[in-house]
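Enquirer: Pasting a structure below so you can have a look.
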Amino acid sequence: MGIRDLELTESDMRHLAEMSAMVLSMFGQMQADMDDPQVQAWHKLCVNILKAAHHVPSIARHMELNPDCGYWFFKRPYVDEAFYSDMLEDYRDSTFWAELVNRMAEQSLVENLGDEHASLLSDEERAARVSSLEKALWQEVNTHGLDRLLFMLPPGES
């Protein structure tokens with residue numbers, strides 16, 4: 001397939017550049033495997049989109065050639081106020097809470113049943129029990145945050 005032209009408004013180009021910046025930021029945070037051909041392809045496309053965005057004067061004033069990564073990227077003050085930064089933060093928060101609740105539910109199941117008995121549960125039974133515990137934990141976290149959660153460490157650890 002050959003090269004295609006795409007006409008974008010300045011606003012569309014800004015959105016596309018921010019989406020590219022979000023993907024590149026996610027790659028950095030998750031320490032993506034840069035040897036993966038798909039990651040390389042997405043990375044190259046995002047860098048090319050940011051390079052193209054740099055040629056739009058209203059966007060270019062918010063960009064700089066970033067010495068850490070070697071390609072055009074938004075300046076820190078712009079990133080701090082950008083919509084994509086808010087989206088990334090919301091995603092990190094929701095992922096954190098979902099992972100925390102899931103792990104706490106899994107841990108509670110194992111602690112209550114014991115490793116051996118928990119390992120004998122079918123996938124469906126385990127999922128049902130974990131789901132029930134997750135609902136209770138979500139209710140607690142949504143109502144009280146971490147205020148009433150207690151984390152106990154084994155003796156000798158602090």
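Ligands are numbered from 1 in the order shown, residues from 1 within each chain, and chains are lettered A, B, ... in the order they appear in the structure tokens.
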May I have a table of the residues of range 59-134 of chain A lying at most 10 Å from range 21-29 of chain A, giving each one's closest pair of atoms and their distance in Å to one decimal, counting only C-alpha atoms, ordered by chain and ascending residue number, as a Markdown table?

Expert:
```
| residue | atom | partner | partner_atom | distance |
| --- | --- | --- | --- | --- |
| A:Trp72 | CA | A:Ala21 | CA | 9.7 |
| A:Phe73 | CA | A:Ala21 | CA | 7.1 |
| A:Phe74 | CA | A:Ala21 | CA | 7.7 |
| A:Val79 | CA | A:Ala21 | CA | 9.0 |
| A:Ala82 | CA | A:Met22 | CA | 9.9 |
| A:Phe83 | CA | A:Met22 | CA | 9.6 |
| A:Tyr84 | CA | A:Met22 | CA | 6.0 |
| A:Ser85 | CA | A:Met22 | CA | 7.3 |
| A:Met87 | CA | A:Met22 | CA | 8.7 |
| A:Leu88 | CA | A:Met22 | CA | 7.3 |
```

Enquirer: Identify, on the basis of only C-alpha atoms, every residue whose closest approach to range 45-48 of chain A does not exceed 9 Å; exclude the query and any residue fewer than 2 positions from it along the same chain; express the result as a list in words.

Expert: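 These residues fall inside the cut-off: Leu16, Ala17, Met19, Ser20, Ala21, Val23, Leu24, Gln40, Ala41, Trp42, His43, Leu50, Lys51, Ala52, Ala53, Tyr71, Trp72 and Phe73 of chain A.
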
Enquirer: Restricting the calculation to only C-alpha atoms, which member of A:Ile59, A:Met30, A:Ala105, A:Leu149 is positioned closest to Arg129 in chain A?

Expert: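 Comparing A:Ile59, A:Met30, A:Ala105, A:Leu149 against Arg129 in chain A, the winner is A:Ala105.
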